[in-house]
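Engineer: First, the structure itself, so that you have it in front of you.
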Amino acid sequence: MLVFIIRRSLQSVVVLLAMSLIVFVGVYAVGNPIDILINPQADQIDRERAIAALGLDKPMLEQYWVFLRGAAEGDLGKSFVHSTSALKLILEKMPATLELAFAAMAIAIVLGIPLGLWAGLKPDAFSGRTIMAGSILGFSLPTFWVGLMLIMVFSVMLGWLPSNGRGETVSVLGVPLSFLTVDGLRHLVMPATNLALFNVALLIRLTRSGAHEALLQDYVKFARAKGLSNRRVIGVHVLRNILIPIVTVIGLQFGSLIAFAIVTESVFAWPGMGKLLIDSINLLDRPVIVAYLLVIVTFFILINLAVDILYSALDPRVRLGRGIARCSHAPRVMRAAPLPPTGARAPQTPFRRVVDDFFANPVATFGFGLLCLIVFFAIFAPLISPQNPYDLAQIDVMEGRLPPGSPTATGGTFWLGTDDQGRDMLSAIFYGLRISLAVGAASTVLALVIGLAAGLTAAYLGGRFEAMVMRVVDIQLSFPAILIALILIAVLGQGTGKVIAALVTIQWAYYARTVRAAAMVEKRREYIEAARCLALSPARIVFRHLLPNCLPPLIVVATVQVAAAIALEATLSFLGLGLPITEPSLGLLIANGYQYLLSGKYWISFFPGIALLLTIVSINLVADQLRDVLNPRLRSGPAPAAGRPTPAGGQGCARTSSRRRASSGPSTT
């Protein structure tokens with residue numbers, strides 16, 4: 001274990017150095033902070049004096065060297081805006097973010113594990129199905145929109161909870177904590193619940209999957225045969241054996257909670273590190289941006305290391321010094337497939353079987369129909385919209401903020417009301433759907449092409465090229481998408497093309513990892529060996545034989561990533577860092593109504609949020625069913641065809657299984 005910790009520590013130092021260079025160079029390219037910090041009417045002498053005082057007159061590499069020397073001494077630079085240590089600013093805000101993250105994780109554990117256990121024990125009951133349907137909503141609900149709806153219901157309508165701030169705090173060992181006071185606890189409830197929703201859904205799915213598998217194991221059947229009570233069987237034998245993947249995911253997700261707290265802190269004006277970062281990006285406060293990102297990277301490295309060590313303690317089969325994900329080689333028992341019954345019908349084609357299996361699920365059929373309807377509205381928005389929200393001649397500011405059902409000056413009706421500019425919300429939603437779907441689809445297609453090329457090439461060539469590509473993929477997948485997106489948007493700036501470029505940079509690693517894993521299995525098949533013996537060209541082997549057999553998992557990942565891209569773009573637009581105001585996507589439409597929420601003008605944010613929710617839910621329902629019908633292990637039906645025996649024994653690596661279960665649901669912002 002000591003050797004492993006030393007090796008990981010050295011690797012962490014290398015990662016930190018690489019990230020510091022990338023972040024510093026990227027942030028260096030973000031605008032000119034002097035344009036914001038100095039009065040526009042200042043003369044050239046004043047500008048040069050300010051540039052020299054901030055150290056911006058030196059070459060970039062010299063500035064980076066000065067930064068590294070300071071970082072080695074614990075000094076990450078001085079804030080341009082606050083004229084104080086950037087690290088000090090972050091450490092002052094850190095307790096609020098950590099308190100919010102711990103509270104959210106506590107809520108996720110208290111709700112997610114019991115509900116997932118219940119759904120796993122009663123998978124066919126109404127309650128079990130209801131819990132799993134709710135988990136789909138948990139994956140699909142946009143965090144920022146849910147926060148706005150919580151404010152609207154519990155702050156505006158009911159007046160039960162405060163809408164912003166941290167409330168009264170109590171200092172414990174010099175650290176201010178809000179959950180120890182009644183006022184602070186009232187301020188904490190809504191943001192912590194909002195941040196916990198995704199992880200509640202994730203733990204429900206993870207626990208349900210583990211419990212469902214554990215109930216089929218021999219040790220559970222033997223425990224029941226001994227006459228043990230149901231409570232003891234579940235508490236001692238089932239729950240104890242599914243804790244390993246749960247603990248792993250909880251540890252890994254805690255780092256994501258800290259990063260995703262950016263959105264929640266912005267909605268509820270929670271005075272944490274995330275809100276500080278957004279303000280620093282808007283003010284081009286470079287030292288604070290760099291210091292925040294390096295602190296978060298350090299958090300992730302330490303959390304991953306702690307999870308690895310804890311994993312080894314929970315599972316004695318895992319040995320840190322000999323590879324974290326090494327599996328014990330259990331004997332494999334090969335099962336031959338049964339012969340088809342006499343008189344059986346001719347087998348279906350693969351495409352027909354997939355179609356029949358997909359539409360056999362009424363929920364998936366509903367999701368597919370809803371998605372088709374949404375795409376129809378988006379494509380034909382100019383033809384079916386009552387108003388062109390981009391045509392200033394059709395917009396009257398005097399009709400701004402009218403409630404739903406209000407009449408128009410021309411005798412029509414604003415069925416969903418109007419926004420502050422007088423735009424018809426129904427028309428704006430149709431056009432917003434167009435932009436959101438276009439950005440999601442374009443980024444997914446481009447990322448799919450790049451990831452497919454990288455993953456297939458890495459799997460086919462192997463060796464150093466494969467190792468290099470997969471290490472880049474591993475590093476990128478170690479950090480939350482929202483964090484990478486903020487870095488890229490800060491560097492690239494606003495604009496549709498720039499947002500698509502940022503989403504492509506985030507998504508390509510998912511496809512590269514998926515196609516590489518599938519190709520590594522397929523390239524050992526007999527048909528690939530036969531193609532090589534026939535001296536076929538590598539391009540023909542890859543694109544004619546290897547690629548078609550790797551498509552099923554890619555289709556599932558692509559479907560999930562479309563929803564994730566739409567949600568992430570909406571989040572960036574809500575934060576004011578995504579699409580420009582001249583191209584309002586659904587996220588920007590929701591953001592436009594944020595400032596009017598406390599005055600009761602709920603419809604400006606509510607209806608675009610419903611449209612965004614229905615879009616993501618429909619895509620996730622389709623992706624969920626595609627995952628089942630394209631995965632032979634999850635599809636009920638006849639045994640595999642003869643000639644391809646499947647292993648019945650050996651559970652494989654526990655950690656690999658846990659990560660597979662953790663990724664079984666769609667991932668959104």
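Simple scheme: letters A, B, ... for chains in structure tokens order, numbers from 1 for residues in each chain, numbers from 1 for ligands in the order shown.
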Would you mind listing what lies within 9 Å of region 105-107 of chain A as a list in words, with only C-alpha atoms counted and same-chain residues fewer than 3 positions away left out?
Structural biologist: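 Using only C-alpha atoms, the neighbours found are Leu100, Ala101, Phe102, Val110, Leu111, Gly112, Ala192, Thr193, Leu195, Ala196, Leu197, Asn199, Val200, Ile250, Gln253, Phe254 and Leu257 of chain A.
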Engineer: Would you pick out the contacts of Leu546 (chain A) at 7 Å or less, using only C-alpha atoms, so that residues sharing its chain but fewer than 5 positions from it are not included, and give the list as a PyMOL selection string?
Structural biologist: chain A and resi 519+522-523+541
Engineer: How would the residues just chosen look if you wrote them out with N, CA, C and O atoms as a PDB file, in the first residue's frame?
Structural biologist:
```pdb
ATOM      1  N   ALA A 519     -14.254  -2.605 -28.951  1.00  0.00           N
ATOM      2  CA  ALA A 519     -13.337  -3.072 -29.993  1.00  0.00           C
ATOM      3  C   ALA A 519     -12.305  -4.048 -29.440  1.00  0.00           C
ATOM      4  O   ALA A 519     -11.884  -4.977 -30.143  1.00  0.00           O
ATOM      5  N   GLU A 522     -14.073  -7.344 -29.548  1.00  0.00           N
ATOM      6  CA  GLU A 522     -14.377  -7.826 -30.890  1.00  0.00           C
ATOM      7  C   GLU A 522     -13.131  -8.213 -31.679  1.00  0.00           C
ATOM      8  O   GLU A 522     -13.178  -9.120 -32.498  1.00  0.00           O
ATOM      9  N   LYS A 523     -12.006  -7.525 -31.445  1.00  0.00           N
ATOM     10  CA  LYS A 523     -10.831  -7.804 -32.280  1.00  0.00           C
ATOM     11  C   LYS A 523     -10.213  -9.167 -31.976  1.00  0.00           C
ATOM     12  O   LYS A 523      -9.357  -9.631 -32.727  1.00  0.00           O
ATOM     13  N   ILE A 541     -10.665  -3.787 -42.382  1.00  0.00           N
ATOM     14  CA  ILE A 541     -10.966  -4.566 -41.180  1.00  0.00           C
ATOM     15  C   ILE A 541     -11.664  -3.697 -40.139  1.00  0.00           C
ATOM     16  O   ILE A 541     -12.657  -4.107 -39.522  1.00  0.00           O
TER      17      ILE A 541
END
```
Engineer: Just list as a VMD selection string whatever in region 466-634 of chain A DSSP marks as alpha helix (DSSP H).
Structural biologist: chain A and resid 466 to 477 481 to 492 496 to 522 526 to 533 538 to 540 547 to 574 586 to 592 603 to 630
Engineer: Given only C-alpha atoms as the basis, pick out the residue of A:Pro389, A:Pro142, A:Gly165, A:Gly272 nearest to Ala611 (chain A).
Structural biologist: A:Pro142
Engineer: Apply DSSP to the backbone of this structure and, from region 191-428 of chain A, keep only the residues in strand (DSSP E); write these as a list in words.
Structural biologist: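 Selection result, strand (DSSP E) within region 191-428 of chain A: Met334, Arg335, Ser406, Pro407, Thr413 and Phe414 of chain A.
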Engineer: Output all heavy atoms for every residue in that selection, as a tab-separated table (two decimals), in the first residue's frame.
Structural biologist:
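Result written to part23.tsv:
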```
chain	number	residue	atom	x	y	z
A	334	MET	N	-18.62	-23.14	-18.68
A	334	MET	CA	-19.17	-22.82	-19.98
A	334	MET	C	-20.50	-23.54	-20.16
A	334	MET	O	-20.65	-24.72	-19.85
A	334	MET	CB	-18.21	-23.25	-21.10
A	334	MET	CG	-16.77	-22.78	-20.88
A	334	MET	SD	-16.61	-21.01	-20.64
A	334	MET	CE	-16.98	-20.44	-22.28
A	335	ARG	N	-21.48	-22.76	-20.64
A	335	ARG	CA	-22.79	-23.34	-20.87
A	335	ARG	C	-23.06	-23.39	-22.37
A	335	ARG	O	-22.86	-22.40	-23.07
A	335	ARG	CB	-23.88	-22.48	-20.20
A	335	ARG	CG	-23.76	-22.45	-18.70
A	335	ARG	CD	-24.91	-21.70	-18.11
A	335	ARG	NE	-24.99	-20.33	-18.62
A	335	ARG	CZ	-25.83	-19.42	-18.16
A	335	ARG	NH1	-26.65	-19.71	-17.18
A	335	ARG	NH2	-25.85	-18.21	-18.68
A	406	SER	N	-53.47	35.95	-21.73
A	406	SER	CA	-53.75	37.36	-22.01
A	406	SER	C	-53.99	37.57	-23.50
A	406	SER	O	-53.35	36.93	-24.34
A	406	SER	CB	-52.58	38.24	-21.55
A	406	SER	OG	-52.37	38.11	-20.16
A	407	PRO	N	-54.90	38.48	-23.86
A	407	PRO	CA	-55.16	38.74	-25.28
A	407	PRO	C	-54.05	39.61	-25.89
A	407	PRO	O	-53.41	40.40	-25.21
A	407	PRO	CB	-56.49	39.50	-25.26
A	407	PRO	CG	-56.53	40.17	-23.92
A	407	PRO	CD	-55.82	39.23	-22.97
A	413	THR	N	-54.10	35.36	-28.66
A	413	THR	CA	-53.95	35.04	-27.24
A	413	THR	C	-52.52	34.62	-26.96
A	413	THR	O	-51.94	33.82	-27.71
A	413	THR	CB	-54.90	33.89	-26.82
A	413	THR	OG1	-56.25	34.26	-27.13
A	413	THR	CG2	-54.78	33.61	-25.33
A	414	PHE	N	-51.96	35.16	-25.90
A	414	PHE	CA	-50.66	34.70	-25.41
A	414	PHE	C	-50.92	33.51	-24.48
A	414	PHE	O	-51.10	33.69	-23.27
A	414	PHE	CB	-49.92	35.82	-24.67
A	414	PHE	CG	-49.48	36.96	-25.54
A	414	PHE	CD1	-49.94	38.25	-25.31
A	414	PHE	CD2	-48.61	36.74	-26.60
A	414	PHE	CE1	-49.53	39.30	-26.11
A	414	PHE	CE2	-48.18	37.79	-27.41
A	414	PHE	CZ	-48.65	39.07	-27.16
```
Engineer: Contacts of region 423-429 of chain A at 10 Å or less, counting only C-alpha atoms, minus same-chain residues fewer than 5 places along, as a VMD selection string?
Structural biologist: chain A and resid 377 to 378 381 to 382 384 to 392 394 to 397 399 to 402 404 408 413 to 418 434 to 435 584 to 586 589 603 to 605 607 to 612
Engineer: Using 9 Å as the limit and counting only C-alpha atoms, can you tabulate each residue of region 463-491 of chain A that touches region 562-570 of chain A, with its shortest atom-to-atom distance in Å and the two atoms involved, as a Markdown table?
Structural biologist:
```
| residue | atom | partner | partner_atom | distance |
| --- | --- | --- | --- | --- |
| A:Ala481 | CA | A:Leu568 | CA | 8.2 |
| A:Ile482 | CA | A:Leu568 | CA | 7.2 |
| A:Ala485 | CA | A:Leu568 | CA | 8.4 |
```
